[in-house]
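Following: one structure in structure tokens, then a few remarks.
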Amino acid sequence: MLRKLHQSKKGVFFLLMALMIFMMLTYAYIHLVQKYGKVEQQFGNLQVGAFKAYAQGERDALSVETAGTQDSINTILQLAYAGQSSCGKYFGVPLWYQKTACVPDKAVLKEQFDAALNAQLTQQLTAVGLTPMQYDVTLIEASDGVTVAAIPLQAQEISLSCTQAEQCGMYATKLSFSSKIAYTFAEYGVMQDILARKDGMIDILKQCTSGNSLSNCLSQHLDAFDTAELDFSTACGKGPQDALYGFLESLNDCGTSSDTNCRCGSFSAPALEKIRNLLGNGFQIKLEGDKRQASLVNAGQETVASEQLPKVSLCSFENAYGTQLGASTDFERVINPSVVTAVLEKRSSLLGPATLHVSINGQSFLSLEHPYYPVFKHGNSLCFVPVSTFGESDYAALPACKLPEKKTIKLCATSKRYTLPYFDPIIKHFSIQPVVYTFAVDIM
């Protein structure tokens, strides 16, 4: 039969047609498989890209929610410790009384909270790789706490990737957050009432400003102002930043004395011991005379706080005529004003005794390992003296600088109602702390 077909023209045509149809069907099948395979692959990549972008958005939202809650708590504690005041500041703390009470009201606190929270969020978002955003912050206060509701002013955009080399869209999300915190700002109103009350705290404090009885007088009278909400005290220092301000305040106290050729009582052993204990391990205070600046530096040599020096001059005492300290001519011969770099340092207990020293041009001048603290005032200059220059009896023989009556007093009020979890960004430590309001009053 095949032979007949082969011999027939019709048979040959039939075979050719069958072969062509087979080839066309095969080509069409291959083409359709390739075509619809690409569509299916593209559709899958779009879905995977969208899912990844959505998942990234959820992770970012969780990061912002966590950071927002902790930063809101830190902002509350930060405002209580070192917020702003219309009366200014006194060595790191807000001045809440100067002829009249100037405790911030709720409207001012809202503005301060908004600015401080946005500053903290900018640091946190940058640290986790997110684009910093400004937030519109609303505080909703109730009897059991305050709700912090924050809405970003712009959206966070996340790319949709179809392939590793191709982006096929953007996913926009607003990383808002809302946190309820067990705290209210009502205690600021209590402070305002106490400081504004006639025949109250300010009048009592004025009676405590003369002589060395200040601390004893304050401790005896402050208890009278304790309330159901607050405990008052003068023990306000809590960390390295307070050591910086305490040292600067000591410089200022001695520098404002009208005496000359006298030793600085504000740098007594107890005063320096208090500064050293606040400073803790790994921190230093560096004073740069040419820049008129004092800086708090951590163990990694990073500056974590910086302040201007008070209006005093710093000098060094060369160890050439160290024993004749009573005559002004000897002072003139040996004082060498210079760029001073003063360093307070507490070493680890593993490295030996804790020391507090001042160095000028690399030479050690002052150390807590010695029983005396050679800081004296000559003219308008405060001078750091090498411990090898003279003996303890020589330094003790110098008259003590008479300090002027204390015009401004630092106080603190510890909340009895509120404790909050706090992460200290300076010492990198997490703890549960009561809210402590640190402030100063000008009583003159």
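Letters for chains follow the order of the structure tokens (A, B, ...), residue numbers begin at 1 for each chain, and ligand numbers begin at 1 in the order shown.
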
Note to self: Show me, as a PyMOL selection string, the residues that have an atom within 9 Å of A:Cys262 when counting only C-alpha atoms, minus same-chain residues fewer than 5 positions from it.
What the structure shows: chain A and resi 375-378+398-402

Notebook entry, point to check: Which parts of stretch 214-321 of chain A does DSSP call helix (DSSP H, G or I) when run on the backbone here, written out as a PyMOL selection string?
Noted result: chain A and resi 214-225+240-255+265-267+269-279

Written file, previous selection with N, CA and C atoms, as a tab-separated table (two decimals), in the first residue's frame:
```tsv
chain	number	residue	atom	x	y	z
A	214	LEU	N	24.78	75.34	104.94
A	214	LEU	CA	23.77	75.25	103.89
A	214	LEU	C	23.19	73.85	103.78
A	215	SER	N	24.06	72.84	103.65
A	215	SER	CA	23.55	71.48	103.47
A	215	SER	C	22.77	71.00	104.68
A	216	ASN	N	23.26	71.32	105.89
A	216	ASN	CA	22.53	70.91	107.10
A	216	ASN	C	21.19	71.61	107.20
A	217	CYS	N	21.18	72.90	106.88
A	217	CYS	CA	19.94	73.67	106.95
A	217	CYS	C	18.91	73.14	105.95
A	218	LEU	N	19.38	72.86	104.75
A	218	LEU	CA	18.48	72.35	103.72
A	218	LEU	C	17.89	71.00	104.12
A	219	SER	N	18.75	70.11	104.63
A	219	SER	CA	18.26	68.78	105.01
A	219	SER	C	17.24	68.86	106.13
A	220	GLN	N	17.35	69.86	106.99
A	220	GLN	CA	16.40	70.01	108.10
A	220	GLN	C	15.05	70.56	107.64
A	221	HIS	N	15.07	71.41	106.61
A	221	HIS	CA	13.84	72.10	106.25
A	221	HIS	C	13.12	71.54	105.02
A	222	LEU	N	13.83	70.82	104.15
A	222	LEU	CA	13.19	70.35	102.93
A	222	LEU	C	12.09	69.33	103.20
A	223	ASP	N	12.23	68.56	104.27
A	223	ASP	CA	11.21	67.56	104.58
A	223	ASP	C	9.84	68.20	104.77
A	224	ALA	N	9.83	69.46	105.18
A	224	ALA	CA	8.55	70.13	105.43
A	224	ALA	C	7.75	70.33	104.15
A	225	PHE	N	8.43	70.23	103.01
A	225	PHE	CA	7.74	70.47	101.74
A	225	PHE	C	7.35	69.17	101.04
A	240	PRO	N	27.58	60.30	85.26
A	240	PRO	CA	28.74	61.04	84.76
A	240	PRO	C	28.44	62.47	84.36
A	241	GLN	N	27.26	62.71	83.78
A	241	GLN	CA	26.94	64.08	83.37
A	241	GLN	C	26.85	65.01	84.58
A	242	ASP	N	26.36	64.49	85.71
A	242	ASP	CA	26.30	65.29	86.92
A	242	ASP	C	27.71	65.59	87.45
A	243	ALA	N	28.65	64.66	87.23
A	243	ALA	CA	30.04	64.91	87.62
A	243	ALA	C	30.60	66.09	86.85
A	244	LEU	N	30.29	66.16	85.56
A	244	LEU	CA	30.75	67.29	84.74
A	244	LEU	C	30.21	68.60	85.28
A	245	TYR	N	28.92	68.65	85.54
A	245	TYR	CA	28.32	69.90	86.03
A	245	TYR	C	28.80	70.23	87.44
A	246	GLY	N	29.01	69.20	88.28
A	246	GLY	CA	29.51	69.44	89.62
A	246	GLY	C	30.90	70.04	89.61
A	247	PHE	N	31.76	69.57	88.71
A	247	PHE	CA	33.12	70.11	88.60
A	247	PHE	C	33.08	71.56	88.14
A	248	LEU	N	32.24	71.85	87.15
A	248	LEU	CA	32.13	73.22	86.66
A	248	LEU	C	31.56	74.16	87.72
A	249	GLU	N	30.62	73.66	88.51
A	249	GLU	CA	30.06	74.48	89.58
A	249	GLU	C	31.11	74.78	90.64
A	250	SER	N	31.98	73.79	90.92
A	250	SER	CA	33.07	74.03	91.88
A	250	SER	C	34.04	75.08	91.37
A	251	LEU	N	34.36	75.03	90.08
A	251	LEU	CA	35.20	76.06	89.48
A	251	LEU	C	34.55	77.44	89.64
A	252	ASN	N	33.27	77.50	89.36
A	252	ASN	CA	32.55	78.78	89.43
A	252	ASN	C	32.50	79.31	90.86
A	253	ASP	N	32.23	78.42	91.83
A	253	ASP	CA	32.12	78.85	93.23
A	253	ASP	C	33.42	79.48	93.72
A	254	CYS	N	34.55	78.83	93.41
A	254	CYS	CA	35.83	79.37	93.86
A	254	CYS	C	36.21	80.61	93.07
A	255	GLY	N	35.89	80.60	91.77
A	255	GLY	CA	36.26	81.74	90.92
A	255	GLY	C	35.52	83.01	91.28
A	265	GLY	N	38.07	75.91	98.80
A	265	GLY	CA	37.32	74.95	99.59
A	265	GLY	C	36.33	74.15	98.77
A	266	SER	N	35.91	74.70	97.62
A	266	SER	CA	34.97	73.96	96.77
A	266	SER	C	35.61	72.72	96.15
A	267	PHE	N	36.97	72.63	96.24
A	267	PHE	CA	37.67	71.43	95.79
A	267	PHE	C	38.20	70.65	96.99
A	269	ALA	N	38.28	67.51	99.78
A	269	ALA	CA	38.28	66.06	99.57
A	269	ALA	C	36.88	65.50	99.39
A	270	PRO	N	35.88	65.86	100.24
A	270	PRO	CA	34.52	65.32	100.05
A	270	PRO	C	33.91	65.74	98.71
A	271	ALA	N	34.18	67.00	98.30
A	271	ALA	CA	33.61	67.48	97.04
A	271	ALA	C	34.17	66.70	95.85
A	272	LEU	N	35.48	66.48	95.85
A	272	LEU	CA	36.10	65.75	94.75
A	272	LEU	C	35.73	64.27	94.78
A	273	GLU	N	35.57	63.73	95.99
A	273	GLU	CA	35.15	62.33	96.10
A	273	GLU	C	33.76	62.15	95.51
A	274	LYS	N	32.87	63.11	95.76
A	274	LYS	CA	31.52	63.04	95.20
A	274	LYS	C	31.57	63.08	93.68
A	275	ILE	N	32.39	63.98	93.13
A	275	ILE	CA	32.53	64.07	91.68
A	275	ILE	C	33.08	62.77	91.11
A	276	ARG	N	34.07	62.20	91.77
A	276	ARG	CA	34.68	60.96	91.29
A	276	ARG	C	33.68	59.82	91.28
A	277	ASN	N	32.87	59.71	92.34
A	277	ASN	CA	31.89	58.63	92.42
A	277	ASN	C	30.83	58.76	91.33
A	278	LEU	N	30.43	59.98	91.03
A	278	LEU	CA	29.45	60.18	89.96
A	278	LEU	C	30.04	59.86	88.60
A	279	LEU	N	31.34	60.15	88.45
A	279	LEU	CA	31.98	59.95	87.16
A	279	LEU	C	31.99	58.48	86.76
```

Check: What lies within 7 Å of stretch 82-90 of chain A using only C-alpha atoms, ignoring chain neighbours under 2 positions off, as a PyMOL selection string?
Finding: chain A and resi 78-80+92-96+98+102-104+438+440

Margin query: Calculated over only C-alpha atoms, which of the candidates A:Gly68, A:Pro152, A:Gly280, A:Gly300 has the smallest distance to A:Lys180?
Written below: A:Gly68

Item checked: Distance query stretch 123-136 of chain A at most 7 Å, only C-alpha atoms, self and fewer than 3 positions along chain excluded, as a ChimeraX atom specification -> /A:67,118-120,150-154

For the selection just defined, write its residues with C-alpha atoms to a file, as a CSV table (one decimal), in the first residue's frame.
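Now in result_8.csv:
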```
chain,number,residue,atom,x,y,z
A,67,ALA,CA,11.6,52.8,69.6
A,118,ASN,CA,11.7,63.8,67.5
A,119,ALA,CA,15.4,64.3,68.2
A,120,GLN,CA,15.5,60.9,69.9
A,150,ALA,CA,2.8,60.1,66.7
A,151,ILE,CA,2.0,60.4,63.0
A,152,PRO,CA,4.9,60.9,60.5
A,153,LEU,CA,4.7,63.9,58.2
A,154,GLN,CA,5.9,61.8,55.3
```

Next item on the list: Report the distance between atom CA of A:Ser72 and atom CA of A:Lys410 in Å, rounded to one decimal place.
Entry: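 Atom-to-atom, atom CA of A:Ser72 to atom CA of A:Lys410, that is 25.8 Å.
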
Margin query: Residues near stretch 419-423 of chain A, anyone? I mean within 7 Å using only C-alpha atoms, not counting same-chain ones fewer than 6 positions away, as number ranges by chain.
Written below: A: 73-74, 429-435

Restrict the selected residues to C-alpha atoms and save them as a PDB file, in the first residue's frame.
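So the final result, stored in again_28.pdb, reads:
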```
ATOM      1  CA  ILE A  73       9.628  57.230  78.318  1.00  0.00           C
ATOM      2  CA  ASN A  74      13.166  58.580  77.960  1.00  0.00           C
ATOM      3  CA  HIS A 429      22.389  50.868  80.972  1.00  0.00           C
ATOM      4  CA  PHE A 430      18.723  49.873  81.404  1.00  0.00           C
ATOM      5  CA  SER A 431      16.994  50.278  84.772  1.00  0.00           C
ATOM      6  CA  ILE A 432      13.666  50.975  86.468  1.00  0.00           C
ATOM      7  CA  GLN A 433      13.778  54.498  87.892  1.00  0.00           C
ATOM      8  CA  PRO A 434      11.425  56.876  89.672  1.00  0.00           C
ATOM      9  CA  VAL A 435      10.738  60.140  87.895  1.00  0.00           C
TER      10      VAL A 435
END
```
